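One file, start34.pdb, is given below (PDB, C-alpha atoms).
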```pdb
ATOM      1  CA  ALA O  24     -15.244  -5.301 -26.264  1.00  0.00           C
ATOM      2  CA  GLN O  25     -14.092  -8.225 -24.202  1.00  0.00           C
ATOM      3  CA  SER O  26     -12.455  -7.987 -20.780  1.00  0.00           C
ATOM      4  CA  VAL O  27     -11.843 -10.350 -17.935  1.00  0.00           C
ATOM      5  CA  THR O  28     -11.408  -9.385 -14.305  1.00  0.00           C
ATOM      6  CA  GLN O  29      -9.808 -11.571 -11.697  1.00  0.00           C
ATOM      7  CA  LEU O  30     -10.109  -9.556  -8.525  1.00  0.00           C
ATOM      8  CA  ASP O  31      -7.794 -11.664  -6.374  1.00  0.00           C
ATOM      9  CA  SER O  32      -4.153 -11.662  -7.412  1.00  0.00           C
ATOM     10  CA  GLN O  33      -3.151 -14.058  -4.625  1.00  0.00           C
ATOM     11  CA  VAL O  34      -5.175 -16.589  -2.641  1.00  0.00           C
ATOM     12  CA  PRO O  35      -3.529 -18.520   0.199  1.00  0.00           C
ATOM     13  CA  VAL O  36      -5.527 -21.453   1.544  1.00  0.00           C
ATOM     14  CA  PHE O  37      -4.821 -24.339   3.889  1.00  0.00           C
ATOM     15  CA  GLU O  38      -4.664 -27.871   2.552  1.00  0.00           C
ATOM     16  CA  GLU O  39      -8.059 -29.619   2.464  1.00  0.00           C
ATOM     17  CA  ALA O  40      -9.910 -26.299   2.773  1.00  0.00           C
ATOM     18  CA  PRO O  41     -12.329 -25.122   0.057  1.00  0.00           C
ATOM     19  CA  VAL O  42     -11.349 -22.387  -2.367  1.00  0.00           C
ATOM     20  CA  GLU O  43     -13.090 -20.065  -4.815  1.00  0.00           C
ATOM     21  CA  LEU O  44     -11.228 -18.081  -7.461  1.00  0.00           C
ATOM     22  CA  ARG O  45     -13.343 -15.295  -8.865  1.00  0.00           C
ATOM     23  CA  CYS O  46     -13.710 -14.303 -12.495  1.00  0.00           C
ATOM     24  CA  ASN O  47     -15.994 -11.714 -14.040  1.00  0.00           C
ATOM     25  CA  TYR O  48     -16.213 -10.826 -17.681  1.00  0.00           C
ATOM     26  CA  SER O  49     -17.713  -8.131 -19.826  1.00  0.00           C
ATOM     27  CA  SER O  50     -18.824  -8.730 -23.341  1.00  0.00           C
ATOM     28  CA  SER O  51     -21.405  -7.438 -25.746  1.00  0.00           C
ATOM     29  CA  VAL O  52     -21.802 -10.833 -27.383  1.00  0.00           C
ATOM     30  CA  SER O  53     -22.170 -14.426 -26.302  1.00  0.00           C
ATOM     31  CA  VAL O  54     -18.958 -15.753 -24.878  1.00  0.00           C
ATOM     32  CA  TYR O  55     -17.146 -18.956 -24.329  1.00  0.00           C
ATOM     33  CA  LEU O  56     -15.295 -19.163 -21.028  1.00  0.00           C
ATOM     34  CA  PHE O  57     -12.201 -20.986 -19.907  1.00  0.00           C
ATOM     35  CA  TRP O  58      -9.967 -21.604 -16.937  1.00  0.00           C
ATOM     36  CA  TYR O  59      -6.302 -22.331 -17.576  1.00  0.00           C
ATOM     37  CA  VAL O  60      -3.728 -23.419 -14.986  1.00  0.00           C
ATOM     38  CA  GLN O  61      -0.022 -22.666 -15.047  1.00  0.00           C
ATOM     39  CA  TYR O  62       2.269 -24.709 -12.828  1.00  0.00           C
ATOM     40  CA  PRO O  63       5.674 -23.203 -11.970  1.00  0.00           C
ATOM     41  CA  ASN O  64       7.977 -22.839 -14.982  1.00  0.00           C
ATOM     42  CA  GLN O  65       5.471 -24.421 -17.334  1.00  0.00           C
ATOM     43  CA  GLY O  66       3.079 -23.310 -20.048  1.00  0.00           C
ATOM     44  CA  LEU O  67      -0.650 -22.994 -19.587  1.00  0.00           C
ATOM     45  CA  GLN O  68      -2.932 -26.011 -19.556  1.00  0.00           C
ATOM     46  CA  LEU O  69      -6.678 -25.994 -20.116  1.00  0.00           C
ATOM     47  CA  LEU O  70      -8.468 -26.833 -16.873  1.00  0.00           C
ATOM     48  CA  LEU O  71     -12.099 -26.566 -17.953  1.00  0.00           C
ATOM     49  CA  LYS O  72     -14.342 -24.708 -20.377  1.00  0.00           C
ATOM     50  CA  TYR O  73     -17.906 -23.561 -20.886  1.00  0.00           C
ATOM     51  CA  LEU O  74     -19.166 -23.524 -24.458  1.00  0.00           C
ATOM     52  CA  SER O  75     -22.875 -24.262 -24.087  1.00  0.00           C
ATOM     53  CA  GLY O  76     -25.302 -26.525 -22.252  1.00  0.00           C
ATOM     54  CA  SER O  77     -24.995 -27.129 -18.523  1.00  0.00           C
ATOM     55  CA  THR O  78     -23.771 -24.055 -16.731  1.00  0.00           C
ATOM     56  CA  LEU O  79     -21.751 -26.169 -14.284  1.00  0.00           C
ATOM     57  CA  VAL O  80     -18.588 -27.621 -15.752  1.00  0.00           C
ATOM     58  CA  GLU O  81     -16.073 -29.879 -14.049  1.00  0.00           C
ATOM     59  CA  SER O  82     -12.446 -30.832 -14.472  1.00  0.00           C
ATOM     60  CA  ILE O  83     -10.884 -34.230 -13.906  1.00  0.00           C
ATOM     61  CA  ASN O  84      -9.017 -33.089 -10.792  1.00  0.00           C
ATOM     62  CA  GLY O  85     -11.996 -31.879  -8.758  1.00  0.00           C
ATOM     63  CA  PHE O  86     -12.335 -28.252  -9.862  1.00  0.00           C
ATOM     64  CA  GLU O  87     -15.659 -26.918 -11.075  1.00  0.00           C
ATOM     65  CA  ALA O  88     -16.886 -23.606 -12.445  1.00  0.00           C
ATOM     66  CA  GLU O  89     -20.351 -22.212 -12.943  1.00  0.00           C
ATOM     67  CA  PHE O  90     -21.354 -19.892 -15.731  1.00  0.00           C
ATOM     68  CA  ASN O  91     -23.679 -17.210 -14.381  1.00  0.00           C
ATOM     69  CA  LYS O  92     -24.952 -15.055 -17.193  1.00  0.00           C
ATOM     70  CA  SER O  93     -26.875 -12.602 -15.009  1.00  0.00           C
ATOM     71  CA  GLN O  94     -23.803 -11.902 -12.886  1.00  0.00           C
ATOM     72  CA  THR O  95     -21.377 -12.254 -15.815  1.00  0.00           C
ATOM     73  CA  SER O  96     -19.243 -14.541 -13.694  1.00  0.00           C
ATOM     74  CA  PHE O  97     -17.387 -17.812 -14.089  1.00  0.00           C
ATOM     75  CA  HIS O  98     -15.946 -18.534 -10.648  1.00  0.00           C
ATOM     76  CA  LEU O  99     -13.710 -21.554 -10.088  1.00  0.00           C
ATOM     77  CA  ARG O 100     -14.213 -23.711  -7.008  1.00  0.00           C
ATOM     78  CA  LYS O 101     -12.768 -26.756  -5.336  1.00  0.00           C
ATOM     79  CA  PRO O 102     -14.198 -28.214  -2.122  1.00  0.00           C
ATOM     80  CA  SER O 103     -10.866 -29.503  -0.813  1.00  0.00           C
ATOM     81  CA  VAL O 104      -7.516 -28.348  -2.168  1.00  0.00           C
ATOM     82  CA  HIS O 105      -4.281 -30.296  -2.297  1.00  0.00           C
ATOM     83  CA  ILE O 106      -0.692 -29.129  -2.176  1.00  0.00           C
ATOM     84  CA  SER O 107      -0.375 -30.003  -5.855  1.00  0.00           C
ATOM     85  CA  ASP O 108      -3.034 -27.400  -6.711  1.00  0.00           C
ATOM     86  CA  THR O 109      -0.517 -24.635  -5.994  1.00  0.00           C
ATOM     87  CA  ALA O 110      -0.316 -22.785  -9.309  1.00  0.00           C
ATOM     88  CA  GLU O 111      -1.478 -19.689 -11.133  1.00  0.00           C
ATOM     89  CA  TYR O 112      -4.979 -19.782 -12.552  1.00  0.00           C
ATOM     90  CA  PHE O 113      -6.137 -17.711 -15.515  1.00  0.00           C
ATOM     91  CA  CYS O 114      -9.698 -17.052 -16.559  1.00  0.00           C
ATOM     92  CA  ALA O 115     -10.230 -16.344 -20.259  1.00  0.00           C
ATOM     93  CA  VAL O 116     -12.988 -15.459 -22.704  1.00  0.00           C
ATOM     94  CA  SER O 117     -12.926 -16.101 -26.412  1.00  0.00           C
ATOM     95  CA  LEU O 118     -13.774 -14.095 -29.483  1.00  0.00           C
ATOM     96  CA  LEU O 119     -13.653 -15.283 -33.065  1.00  0.00           C
ATOM     97  CA  LEU O 120     -11.385 -12.856 -34.918  1.00  0.00           C
ATOM     98  CA  GLY O 121     -10.052 -13.235 -38.431  1.00  0.00           C
ATOM     99  CA  GLY O 122     -11.040 -16.867 -38.549  1.00  0.00           C
ATOM    100  CA  ALA O 123      -9.276 -17.891 -35.355  1.00  0.00           C
ATOM    101  CA  ASN O 124     -10.445 -18.336 -31.815  1.00  0.00           C
ATOM    102  CA  ASN O 125      -8.681 -15.624 -29.831  1.00  0.00           C
ATOM    103  CA  LEU O 126      -8.497 -15.774 -26.075  1.00  0.00           C
ATOM    104  CA  PHE O 127      -8.502 -12.745 -23.792  1.00  0.00           C
ATOM    105  CA  PHE O 128      -6.980 -13.537 -20.412  1.00  0.00           C
ATOM    106  CA  GLY O 129      -7.425 -12.121 -16.957  1.00  0.00           C
ATOM    107  CA  THR O 130      -4.376 -11.100 -14.956  1.00  0.00           C
ATOM    108  CA  GLY O 131      -4.291 -14.390 -13.056  1.00  0.00           C
ATOM    109  CA  THR O 132      -4.752 -15.587  -9.478  1.00  0.00           C
ATOM    110  CA  ARG O 133      -1.876 -17.251  -7.696  1.00  0.00           C
ATOM    111  CA  LEU O 134      -3.219 -20.036  -5.500  1.00  0.00           C
ATOM    112  CA  THR O 135      -0.895 -21.129  -2.710  1.00  0.00           C
ATOM    113  CA  VAL O 136      -1.900 -24.187  -0.708  1.00  0.00           C
ATOM    114  CA  ILE O 137      -0.421 -24.178   2.768  1.00  0.00           C
ATOM    115  CA  PRO O 138       0.352 -27.523   4.439  1.00  0.00           C
TER     116      PRO O 138
ATOM    117  CA  ASN L  14       4.020 -36.602 -29.620  1.00  0.00           C
ATOM    118  CA  ALA L  15       5.808 -33.559 -28.200  1.00  0.00           C
ATOM    119  CA  GLY L  16       2.884 -31.138 -28.523  1.00  0.00           C
ATOM    120  CA  VAL L  17       4.113 -27.553 -28.809  1.00  0.00           C
ATOM    121  CA  THR L  18       7.851 -26.949 -28.585  1.00  0.00           C
ATOM    122  CA  GLN L  19       9.673 -23.634 -28.314  1.00  0.00           C
ATOM    123  CA  THR L  20      13.305 -22.675 -28.712  1.00  0.00           C
ATOM    124  CA  PRO L  21      15.263 -21.238 -27.078  1.00  0.00           C
ATOM    125  CA  LYS L  22      14.172 -21.623 -23.456  1.00  0.00           C
ATOM    126  CA  PHE L  23      16.157 -18.615 -22.309  1.00  0.00           C
ATOM    127  CA  GLN L  24      17.776 -15.690 -24.105  1.00  0.00           C
ATOM    128  CA  VAL L  25      19.581 -12.522 -23.096  1.00  0.00           C
ATOM    129  CA  LEU L  26      19.828  -9.726 -25.663  1.00  0.00           C
ATOM    130  CA  LYS L  27      21.279  -6.261 -25.733  1.00  0.00           C
ATOM    131  CA  THR L  28      19.088  -3.376 -26.817  1.00  0.00           C
ATOM    132  CA  GLY L  29      19.000  -3.208 -30.615  1.00  0.00           C
ATOM    133  CA  GLN L  30      19.868  -6.839 -31.245  1.00  0.00           C
ATOM    134  CA  SER L  31      17.565  -9.063 -33.235  1.00  0.00           C
ATOM    135  CA  MET L  32      16.430 -12.615 -32.681  1.00  0.00           C
ATOM    136  CA  THR L  33      13.836 -15.144 -33.763  1.00  0.00           C
ATOM    137  CA  LEU L  34      11.796 -17.310 -31.412  1.00  0.00           C
ATOM    138  CA  GLN L  35      10.888 -20.644 -32.896  1.00  0.00           C
ATOM    139  CA  CYS L  36       7.697 -22.608 -32.326  1.00  0.00           C
ATOM    140  CA  ALA L  37       6.591 -25.942 -33.732  1.00  0.00           C
ATOM    141  CA  GLN L  38       3.603 -28.198 -33.143  1.00  0.00           C
ATOM    142  CA  ASP L  39       3.108 -31.818 -34.123  1.00  0.00           C
ATOM    143  CA  MET L  40      -0.653 -32.044 -33.598  1.00  0.00           C
ATOM    144  CA  ASN L  41      -1.603 -31.031 -37.171  1.00  0.00           C
ATOM    145  CA  HIS L  42      -3.281 -27.908 -35.833  1.00  0.00           C
ATOM    146  CA  ASN L  43      -4.357 -25.184 -38.213  1.00  0.00           C
ATOM    147  CA  SER L  44      -4.180 -22.138 -35.928  1.00  0.00           C
ATOM    148  CA  MET L  45      -1.146 -20.864 -34.023  1.00  0.00           C
ATOM    149  CA  TYR L  46      -0.593 -17.959 -31.651  1.00  0.00           C
ATOM    150  CA  TRP L  47       2.123 -15.938 -29.933  1.00  0.00           C
ATOM    151  CA  TYR L  48       1.532 -14.434 -26.493  1.00  0.00           C
ATOM    152  CA  ARG L  49       3.652 -12.519 -24.037  1.00  0.00           C
ATOM    153  CA  GLN L  50       3.236 -12.819 -20.295  1.00  0.00           C
ATOM    154  CA  ASP L  51       4.176  -9.989 -17.973  1.00  0.00           C
ATOM    155  CA  PRO L  52       3.689  -9.770 -14.201  1.00  0.00           C
ATOM    156  CA  GLY L  53       0.250  -8.438 -13.314  1.00  0.00           C
ATOM    157  CA  MET L  54      -0.791  -8.314 -16.974  1.00  0.00           C
ATOM    158  CA  GLY L  55      -1.778 -11.877 -17.736  1.00  0.00           C
ATOM    159  CA  LEU L  56      -1.203 -13.079 -21.283  1.00  0.00           C
ATOM    160  CA  ARG L  57      -1.545 -10.753 -24.225  1.00  0.00           C
ATOM    161  CA  LEU L  58      -1.823 -11.835 -27.832  1.00  0.00           C
ATOM    162  CA  ILE L  59       0.939 -10.572 -30.113  1.00  0.00           C
ATOM    163  CA  TYR L  60       0.140 -12.231 -33.437  1.00  0.00           C
ATOM    164  CA  TYR L  61      -1.829 -15.206 -34.619  1.00  0.00           C
ATOM    165  CA  SER L  62      -2.157 -17.354 -37.700  1.00  0.00           C
ATOM    166  CA  ALA L  63      -5.596 -18.756 -38.387  1.00  0.00           C
ATOM    167  CA  SER L  64      -4.238 -21.126 -40.994  1.00  0.00           C
ATOM    168  CA  GLU L  65      -1.121 -21.778 -43.042  1.00  0.00           C
ATOM    169  CA  GLY L  66      -0.311 -18.743 -45.147  1.00  0.00           C
ATOM    170  CA  THR L  67      -2.189 -16.194 -43.037  1.00  0.00           C
ATOM    171  CA  THR L  68      -1.095 -14.015 -40.123  1.00  0.00           C
ATOM    172  CA  ASP L  69      -2.857 -11.244 -38.240  1.00  0.00           C
ATOM    173  CA  LYS L  70      -2.049  -8.765 -35.507  1.00  0.00           C
ATOM    174  CA  GLY L  71      -3.212  -9.314 -31.979  1.00  0.00           C
ATOM    175  CA  GLU L  72      -3.403  -6.932 -29.058  1.00  0.00           C
ATOM    176  CA  VAL L  73       0.295  -5.937 -28.827  1.00  0.00           C
ATOM    177  CA  PRO L  74       2.017  -6.426 -32.223  1.00  0.00           C
ATOM    178  CA  ASN L  75       4.359  -3.405 -32.236  1.00  0.00           C
ATOM    179  CA  GLY L  76       8.021  -4.342 -32.428  1.00  0.00           C
ATOM    180  CA  TYR L  77       7.357  -7.890 -33.641  1.00  0.00           C
ATOM    181  CA  ASN L  78       7.005  -9.758 -36.895  1.00  0.00           C
ATOM    182  CA  VAL L  79       5.878 -13.322 -37.521  1.00  0.00           C
ATOM    183  CA  SER L  80       6.215 -15.983 -40.175  1.00  0.00           C
ATOM    184  CA  ARG L  81       4.009 -19.019 -40.621  1.00  0.00           C
ATOM    185  CA  LEU L  82       6.675 -21.106 -42.296  1.00  0.00           C
ATOM    186  CA  ASN L  83       4.441 -24.109 -42.838  1.00  0.00           C
ATOM    187  CA  LYS L  84       1.604 -25.782 -41.010  1.00  0.00           C
ATOM    188  CA  ARG L  85       3.877 -26.897 -38.174  1.00  0.00           C
ATOM    189  CA  GLU L  86       6.014 -23.829 -37.567  1.00  0.00           C
ATOM    190  CA  PHE L  87       5.264 -20.267 -36.496  1.00  0.00           C
ATOM    191  CA  SER L  88       8.178 -17.965 -35.660  1.00  0.00           C
ATOM    192  CA  LEU L  89       8.287 -14.616 -33.871  1.00  0.00           C
ATOM    193  CA  ARG L  90      10.988 -12.090 -34.736  1.00  0.00           C
ATOM    194  CA  LEU L  91      12.230  -9.113 -32.783  1.00  0.00           C
ATOM    195  CA  GLU L  92      14.053  -6.885 -35.287  1.00  0.00           C
ATOM    196  CA  SER L  93      15.490  -4.421 -32.765  1.00  0.00           C
ATOM    197  CA  ALA L  94      14.983  -5.575 -29.194  1.00  0.00           C
ATOM    198  CA  ALA L  95      14.008  -3.080 -26.496  1.00  0.00           C
ATOM    199  CA  PRO L  96      13.968  -3.488 -22.686  1.00  0.00           C
ATOM    200  CA  SER L  97      10.154  -3.265 -22.822  1.00  0.00           C
ATOM    201  CA  GLN L  98      10.202  -6.592 -24.663  1.00  0.00           C
ATOM    202  CA  THR L  99      11.623  -8.379 -21.636  1.00  0.00           C
ATOM    203  CA  SER L 100       8.966 -10.987 -20.995  1.00  0.00           C
ATOM    204  CA  VAL L 101       8.033 -14.645 -21.169  1.00  0.00           C
ATOM    205  CA  TYR L 102       6.798 -15.623 -24.618  1.00  0.00           C
ATOM    206  CA  PHE L 103       4.368 -18.457 -25.178  1.00  0.00           C
ATOM    207  CA  CYS L 104       3.395 -20.124 -28.404  1.00  0.00           C
ATOM    208  CA  ALA L 105       0.077 -21.946 -28.655  1.00  0.00           C
ATOM    209  CA  SER L 106      -1.886 -23.876 -31.241  1.00  0.00           C
ATOM    210  CA  SER L 107      -5.470 -24.983 -31.757  1.00  0.00           C
ATOM    211  CA  GLU L 108      -7.058 -27.538 -34.001  1.00  0.00           C
ATOM    212  CA  SER L 109      -9.262 -25.450 -36.230  1.00  0.00           C
ATOM    213  CA  VAL L 110     -10.985 -22.182 -36.794  1.00  0.00           C
ATOM    214  CA  ARG L 111     -13.154 -22.919 -33.807  1.00  0.00           C
ATOM    215  CA  GLY L 112     -10.341 -24.553 -31.889  1.00  0.00           C
ATOM    216  CA  TRP L 113     -11.464 -23.653 -28.436  1.00  0.00           C
ATOM    217  CA  ASP L 114      -8.723 -25.649 -26.772  1.00  0.00           C
ATOM    218  CA  GLN L 115      -5.388 -23.947 -27.143  1.00  0.00           C
ATOM    219  CA  TYR L 116      -2.275 -25.965 -26.364  1.00  0.00           C
ATOM    220  CA  PHE L 117       0.669 -24.006 -25.015  1.00  0.00           C
ATOM    221  CA  GLY L 118       4.397 -24.497 -25.273  1.00  0.00           C
ATOM    222  CA  PRO L 119       6.722 -24.251 -22.254  1.00  0.00           C
ATOM    223  CA  GLY L 120       7.702 -20.644 -22.967  1.00  0.00           C
ATOM    224  CA  THR L 121      10.808 -18.620 -23.780  1.00  0.00           C
ATOM    225  CA  ARG L 122      12.193 -16.276 -21.129  1.00  0.00           C
ATOM    226  CA  LEU L 123      13.701 -13.206 -22.780  1.00  0.00           C
ATOM    227  CA  LEU L 124      15.739 -10.529 -21.035  1.00  0.00           C
ATOM    228  CA  VAL L 125      16.671  -7.397 -22.964  1.00  0.00           C
ATOM    229  CA  LEU L 126      19.396  -5.310 -21.352  1.00  0.00           C
TER     230      LEU L 126
END
```

Can you turn what I pasted into structure tokens?
Amino acid sequence: AQSVTQLDSQVPVFEEAPVELRCNYSSSVSVYLFWYVQYPNQGLQLLLKYLSGSTLVESINGFEAEFNKSQTSFHLRKPSVHISDTAEYFCAVSLLLGGANNLFFGTGTRLTVIP
Amino acid sequence: NAGVTQTPKFQVLKTGQSMTLQCAQDMNHNSMYWYRQDPGMGLRLIYYSASEGTTDKGEVPNGYNVSRLNKREFSLRLESAAPSQTSVYFCASSESVRGWDQYFGPGTRLLVL
């Protein structure tokens, strides 16, 4: 069975401070891992993904996440946040079911950047 | 290139009424999905269609039906709406069987009174 745990439902952080959003998963098989971002009143957008290879993956806007198999984690980090990073962030794992890639989402972490 | 579009954006229904949520994508994707998003629950998969002509149940299919009308369109129908179906509904699509990147529409906010 697949499950994703995002322990922090809300994370307030001051502008230009670093942030880490935590994600842990449980799975009996190899997984592919994703972070999606949802800006207010919008749909979800893919932020970054881990499929294979380097365990450290980066996005174009300065976020990075590291796949840690021993700790079953895929935490999202940014060294210096901006006001525009205020959004809800969802961690997800994938499972191939019935011929389609199905995503299982965590409950989300609302990041609020304080000026 | 509009990506994934959904109609309507907002809808208010009375208990027992029916409605269909429409979704279309112009990216020539094979797979399409319907999710619902509820506070504190994240997104949960309702139904998906791996390819044109096929549909399968997801995590929370009860009370819903779907139709993959063609490659572009995937609709979600509520036959007899219930207050528990008040939610935000998202449609998504992905390129192929192993379409790891899912592209989401802007959502439909549904309130069932």

- Query: Neighbours of range 26-40 of chain O within 6 Å (only C-alpha atoms; same-chain residues fewer than 2 positions away dropped), as a list in words?
  - Reply: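 Here the qualifying residues turn out to be Arg45, Cys46, Asn47, Tyr48, Ser49, Ser103, Val104, His105, Gly129, Thr132, Arg133, Leu134, Thr135, Val136, Ile137 and Pro138 of chain O.
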
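With all atoms listed in the file as the atoms that count, the residue of O:Ser75, O:Ser96, O:Asn91, O:Asn64 with the shortest distance to chain L is O:Asn64.
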
- Using only C-alpha atoms, the shortest atom-to-atom distance to Lys101 in chain O among O:Ala88, O:Cys114, O:Leu71, O:Leu56 belongs to O:Ala88

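For the pair CA of Gln94 in chain O and CA of Met54 in chain L, the interatomic distance is 23.6 Å.
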
- Take the PyMOL selection byres ((chain L and resi 57-61) around 6), apply it to the structure above, and return the hits as a list in words.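 Written out, the selection comes to Met45, Tyr46, Trp47, Tyr48, Arg49, Leu56, Ser62, Thr68, Asp69, Lys70, Gly71, Glu72, Val73 and Pro74 of chain L.
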
Sort by chain and increasing residue number a table of all residues of chain L within 8 Å of chain O, each with its closest pair of atoms and their distance in Å to one decimal, counting all atoms listed in the file, and write it as a tab-separated table.
```
residue	atom	partner	partner_atom	distance
L:Ser44	CA	O:Ala123	CA	6.7
L:Gly53	CA	O:Thr130	CA	5.6
L:Met54	CA	O:Thr130	CA	5.0
L:Gly55	CA	O:Thr130	CA	3.9
L:Leu56	CA	O:Phe128	CA	5.9
L:Arg57	CA	O:Phe128	CA	7.2
L:Leu58	CA	O:Phe127	CA	7.9
L:Tyr61	CA	O:Ala123	CA	8.0
L:Ser62	CA	O:Ala123	CA	7.5
L:Ala63	CA	O:Ala123	CA	4.8
L:Asp69	CA	O:Gly121	CA	7.5
L:Phe103	CA	O:Gly66	CA	7.2
L:Ser109	CA	O:Ala123	CA	7.6
L:Val110	CA	O:Ala123	CA	4.8
L:Arg111	CA	O:Asn124	CA	5.7
L:Gly112	CA	O:Asn124	CA	6.2
L:Trp113	CA	O:Asn124	CA	6.4
L:Asp114	CA	O:Leu69	CA	7.0
L:Gln115	CA	O:Leu69	CA	7.4
L:Tyr116	CA	O:Gln68	CA	6.8
L:Phe117	CA	O:Gly66	CA	5.6
L:Gly118	CA	O:Gly66	CA	5.5
L:Pro119	CA	O:Gly66	CA	4.4
L:Gly120	CA	O:Gly66	CA	6.1
```

- Would you mind reading off the distance between CA of Gln30 in chain L and CA of Ala105 in chain L, one decimal, in Å?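 Distance reported for this atom pair: 25.0 Å.
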
- Query: Which residues come within 6 Å of Glu86 in chain L, counting all atoms listed in the file, excluding same-chain residues fewer than 4 positions away, as an MDAnalysis selection string?
  - Reply: chainID L and resid 36:37 82

- Message: Just to confirm, what's the straight-line distance from CA of Cys104 in chain L to CA of Val17 in chain L in Å (one decimal)?
- Response: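 Between CA of Cys104 in chain L and CA of Val17 in chain L the gap is 7.5 Å.
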
- Would you kindly translate the PyMOL selection byres ((chain O and resi 43) around 6) into the concrete residues it picks from this file, as an NGL selection string? :O and (42 or 44 or 99-100)

- Just say which residues the PyMOL selection byres ((chain L and resi 29) around 7) picks in this file, as a count of residues only. 7

- Note on the structure: Using only C-alpha atoms, the shortest atom-to-atom distance to Arg81 in chain L among L:Glu65, L:Val125, L:Ser107, L:Met40 belongs to L:Glu65

Around all the atoms of range 83-89 of chain O listed in the file, draw an axis-aligned box and extend it by 4 Å on each of the six sides; I want its centre and edge lengths in Å to one decimal, as JSON.
```
{"center_x": -14.7, "center_y": -28.2, "center_z": -11.3, "size_x": 19.3, "size_y": 20.0, "size_z": 13.1}
```

- Item | Proximity to Leu26 in chain L - best of L:Lys84, L:Gly76, L:Ser106, L:Glu92, all atoms listed in the file | L:Glu92

- Closest to Thr99 in chain L among L:Asn41, L:Gln50, L:Thr33, L:Gln19, using all atoms listed in the file? L:Gln50
